[in-house]
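Structure file final24.tsv with TSV, N, CA and C atoms:
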chain	number	residue	atom	x	y	z
A	1082	MET	N	-7.15	-23.32	44.42
A	1082	MET	CA	-7.19	-24.73	44.08
A	1082	MET	C	-7.52	-24.91	42.60
A	1083	LYS	N	-8.40	-24.06	42.09
A	1083	LYS	CA	-8.77	-24.16	40.69
A	1083	LYS	C	-7.56	-23.89	39.79
A	1084	THR	N	-6.71	-22.96	40.22
A	1084	THR	CA	-5.51	-22.64	39.45
A	1084	THR	C	-4.57	-23.83	39.39
A	1085	LEU	N	-4.39	-24.53	40.51
A	1085	LEU	CA	-3.52	-25.70	40.53
A	1085	LEU	C	-4.04	-26.80	39.61
A	1086	LEU	N	-5.35	-27.00	39.61
A	1086	LEU	CA	-5.93	-28.01	38.73
A	1086	LEU	C	-5.74	-27.62	37.26
A	1087	LEU	N	-5.84	-26.33	36.97
A	1087	LEU	CA	-5.64	-25.86	35.60
A	1087	LEU	C	-4.19	-26.07	35.17
A	1088	VAL	N	-3.24	-25.77	36.05
A	1088	VAL	CA	-1.83	-25.98	35.73
A	1088	VAL	C	-1.55	-27.47	35.52
A	1089	LYS	N	-2.15	-28.31	36.36
A	1089	LYS	CA	-1.97	-29.75	36.22
A	1089	LYS	C	-2.51	-30.24	34.88
A	1090	GLU	N	-3.67	-29.73	34.49
A	1090	GLU	CA	-4.27	-30.12	33.22
A	1090	GLU	C	-3.42	-29.65	32.04
A	1091	ILE	N	-2.90	-28.43	32.12
A	1091	ILE	CA	-2.04	-27.92	31.04
A	1091	ILE	C	-0.77	-28.76	30.95
A	1092	TYR	N	-0.18	-29.12	32.10
A	1092	TYR	CA	1.03	-29.95	32.12
A	1092	TYR	C	0.76	-31.31	31.49
A	1093	ALA	N	-0.38	-31.91	31.85
A	1093	ALA	CA	-0.71	-33.23	31.31
A	1093	ALA	C	-0.98	-33.16	29.81
A	1094	ASP	N	-1.69	-32.13	29.36
A	1094	ASP	CA	-1.99	-31.99	27.94
A	1094	ASP	C	-0.74	-31.68	27.12
A	1095	GLY	N	0.22	-31.03	27.72
A	1095	GLY	CA	1.44	-30.68	27.00
A	1095	GLY	C	2.25	-31.89	26.59
A	1096	PHE	N	2.13	-33.00	27.31
A	1096	PHE	CA	2.93	-34.18	27.02
A	1096	PHE	C	2.13	-35.31	26.38
A	1097	LYS	N	0.86	-35.09	26.08
A	1097	LYS	CA	0.07	-36.11	25.38
A	1097	LYS	C	0.47	-36.16	23.91
A	1098	ASN	N	0.56	-37.35	23.38
A	1098	ASN	CA	0.86	-37.56	21.96
A	1098	ASN	C	2.09	-36.80	21.51
A	1099	LEU	N	3.12	-36.76	22.33
A	1099	LEU	CA	4.33	-36.00	22.02
A	1099	LEU	C	5.28	-36.78	21.14
A	1100	GLY	N	5.23	-38.06	21.22
A	1100	GLY	CA	6.15	-38.88	20.42
A	1100	GLY	C	6.59	-40.08	21.22
A	1101	SER	N	7.85	-40.44	21.05
A	1101	SER	CA	8.36	-41.61	21.74
A	1101	SER	C	8.47	-41.36	23.25
A	1102	ILE	N	8.60	-42.42	24.00
A	1102	ILE	CA	8.69	-42.34	25.46
A	1102	ILE	C	9.97	-41.62	25.88
A	1103	ILE	N	11.03	-41.76	25.09
A	1103	ILE	CA	12.29	-41.07	25.40
A	1103	ILE	C	12.10	-39.57	25.28
A	1104	THR	N	11.42	-39.13	24.24
A	1104	THR	CA	11.17	-37.70	24.05
A	1104	THR	C	10.29	-37.17	25.17
A	1105	GLN	N	9.27	-37.91	25.53
A	1105	GLN	CA	8.39	-37.49	26.61
A	1105	GLN	C	9.16	-37.33	27.91
A	1106	ASN	N	9.97	-38.33	28.25
A	1106	ASN	CA	10.73	-38.26	29.50
A	1106	ASN	C	11.75	-37.13	29.47
A	1107	TYR	N	12.39	-36.90	28.33
A	1107	TYR	CA	13.36	-35.81	28.21
A	1107	TYR	C	12.69	-34.48	28.50
A	1108	PHE	N	11.56	-34.22	27.87
A	1108	PHE	CA	10.90	-32.94	28.06
A	1108	PHE	C	10.32	-32.80	29.46
A	1109	LYS	N	9.87	-33.88	30.07
A	1109	LYS	CA	9.39	-33.82	31.45
A	1109	LYS	C	10.53	-33.46	32.39
A	1110	ILE	N	11.70	-34.10	32.21
A	1110	ILE	CA	12.86	-33.80	33.05
A	1110	ILE	C	13.29	-32.36	32.83
A	1111	PHE	N	13.32	-31.91	31.58
A	1111	PHE	CA	13.70	-30.54	31.27
A	1111	PHE	C	12.74	-29.54	31.90
A	1112	ALA	N	11.45	-29.84	31.88
A	1112	ALA	CA	10.45	-28.94	32.48
A	1112	ALA	C	10.66	-28.83	33.99
A	1113	TRP	N	10.89	-29.95	34.66
A	1113	TRP	CA	11.12	-29.91	36.11
A	1113	TRP	C	12.44	-29.23	36.45
A	1114	PHE	N	13.48	-29.45	35.63
A	1114	PHE	CA	14.76	-28.79	35.85
A	1114	PHE	C	14.61	-27.28	35.70
A	1115	SER	N	13.88	-26.85	34.67
A	1115	SER	CA	13.66	-25.42	34.46
A	1115	SER	C	12.89	-24.81	35.62
A	1116	PHE	N	11.88	-25.51	36.11
A	1116	PHE	CA	11.11	-25.03	37.24
A	1116	PHE	C	12.00	-24.91	38.49
A	1117	ALA	N	12.85	-25.89	38.72
A	1117	ALA	CA	13.75	-25.86	39.87
A	1117	ALA	C	14.73	-24.69	39.77
A	1118	MET	N	15.27	-24.45	38.59
A	1118	MET	CA	16.19	-23.32	38.40
A	1118	MET	C	15.48	-21.99	38.62
A	1119	PHE	N	14.23	-21.89	38.20
A	1119	PHE	CA	13.45	-20.67	38.43
A	1119	PHE	C	13.24	-20.44	39.92
A	1120	VAL	N	12.96	-21.51	40.67
A	1120	VAL	CA	12.79	-21.40	42.13
A	1120	VAL	C	14.09	-20.93	42.78
A	1121	VAL	N	15.22	-21.42	42.32
A	1121	VAL	CA	16.51	-20.99	42.86
A	1121	VAL	C	16.74	-19.50	42.60
A	1122	VAL	N	16.42	-19.04	41.41
A	1122	VAL	CA	16.59	-17.62	41.08
A	1122	VAL	C	15.68	-16.74	41.93
A	1123	VAL	N	14.44	-17.15	42.10
A	1123	VAL	CA	13.52	-16.37	42.93
A	1123	VAL	C	14.00	-16.34	44.38
A	1124	TYR	N	14.49	-17.47	44.88
A	1124	TYR	CA	15.01	-17.52	46.24
A	1124	TYR	C	16.21	-16.58	46.40
A	1125	ALA	N	17.13	-16.61	45.45
A	1125	ALA	CA	18.32	-15.75	45.52
A	1125	ALA	C	17.93	-14.28	45.49
A	1126	PHE	N	16.97	-13.92	44.65
A	1126	PHE	CA	16.53	-12.53	44.56
A	1126	PHE	C	15.88	-12.08	45.86
A	1127	VAL	N	14.98	-12.91	46.39
A	1127	VAL	CA	14.30	-12.56	47.65
A	1127	VAL	C	15.31	-12.47	48.78
A	1128	PHE	N	16.28	-13.36	48.83
A	1128	PHE	CA	17.32	-13.32	49.85
A	1128	PHE	C	18.10	-12.01	49.78
A	1129	ARG	N	18.47	-11.59	48.57
A	1129	ARG	CA	19.20	-10.33	48.42
A	1129	ARG	C	18.37	-9.13	48.83
A	1130	VAL	N	17.10	-9.14	48.50
A	1130	VAL	CA	16.22	-8.02	48.87
A	1130	VAL	C	16.05	-7.96	50.38
A	1131	VAL	N	15.85	-9.10	51.03
A	1131	VAL	CA	15.62	-9.14	52.47
A	1131	VAL	C	16.88	-8.74	53.25
A	1132	THR	N	18.06	-9.11	52.75
A	1132	THR	CA	19.30	-8.79	53.47
A	1132	THR	C	19.81	-7.39	53.16
A	1133	GLY	N	19.12	-6.64	52.33
A	1133	GLY	CA	19.50	-5.25	52.08
A	1133	GLY	C	20.62	-5.07	51.08
A	1134	PHE	N	20.73	-5.95	50.12
A	1134	PHE	CA	21.78	-5.84	49.10
A	1134	PHE	C	21.51	-4.61	48.25
A	1135	ALA	N	22.54	-3.82	48.00
A	1135	ALA	CA	22.39	-2.62	47.19
A	1135	ALA	C	22.55	-2.99	45.72
A	1136	PHE	N	21.51	-2.85	44.96
A	1136	PHE	CA	21.55	-3.12	43.53
A	1136	PHE	C	22.02	-1.86	42.82
A	1137	ASP	N	23.33	-1.71	42.67
A	1137	ASP	CA	23.88	-0.50	42.03
A	1137	ASP	C	24.07	-0.68	40.57
I need this file expressed as structure tokens, please.
Amino acid sequence: MKTLLLVKEIYADGFKNLGSIITQNYFKIFAWFSFAMFVVVVYAFVFRVVTGFAFD
């Protein structure tokens, strides 16, 4: 739980005093999009490992 609170605090501090509201929203959307793409990659890798894909 302490780790989640630390990540939340880092996320909030990262967007403080960043500039205009458009810039803030752009970077927030980009951060969430990057996180979602990372989750997709991890899912694909785990799926390949579990199904016995041969990494040649």
Around all of stretch 1091-1110 of chain A's listed atoms, make the axis-aligned box with 3 Å on each side and tell me centre and edge lengths in Å to one decimal, as AutoDock Vina command-line options.
--center_x 5.2 --center_y -35.2 --center_z 26.7 --size_x 22.3 --size_y 20.5 --size_z 18.6
Can you work out the spacing between atom N of A:Lys1097 and atom CA of A:Lys1109 in Å, to one decimal?
10.2 Å
What is the atom C of A:Lys1083-atom C of A:Phe1116 distance in Å, reported with one decimal?
19.6 Å
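Atom C of A:Tyr1092 is positioned 10.8 Å from atom CA of A:Phe1108.
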As a PyMOL selection string, list the residues of chain A assigned to helix (DSSP H, G or I) by DSSP on the backbone atoms of this structure.
chain A and resi 1083-1095+1102-1131
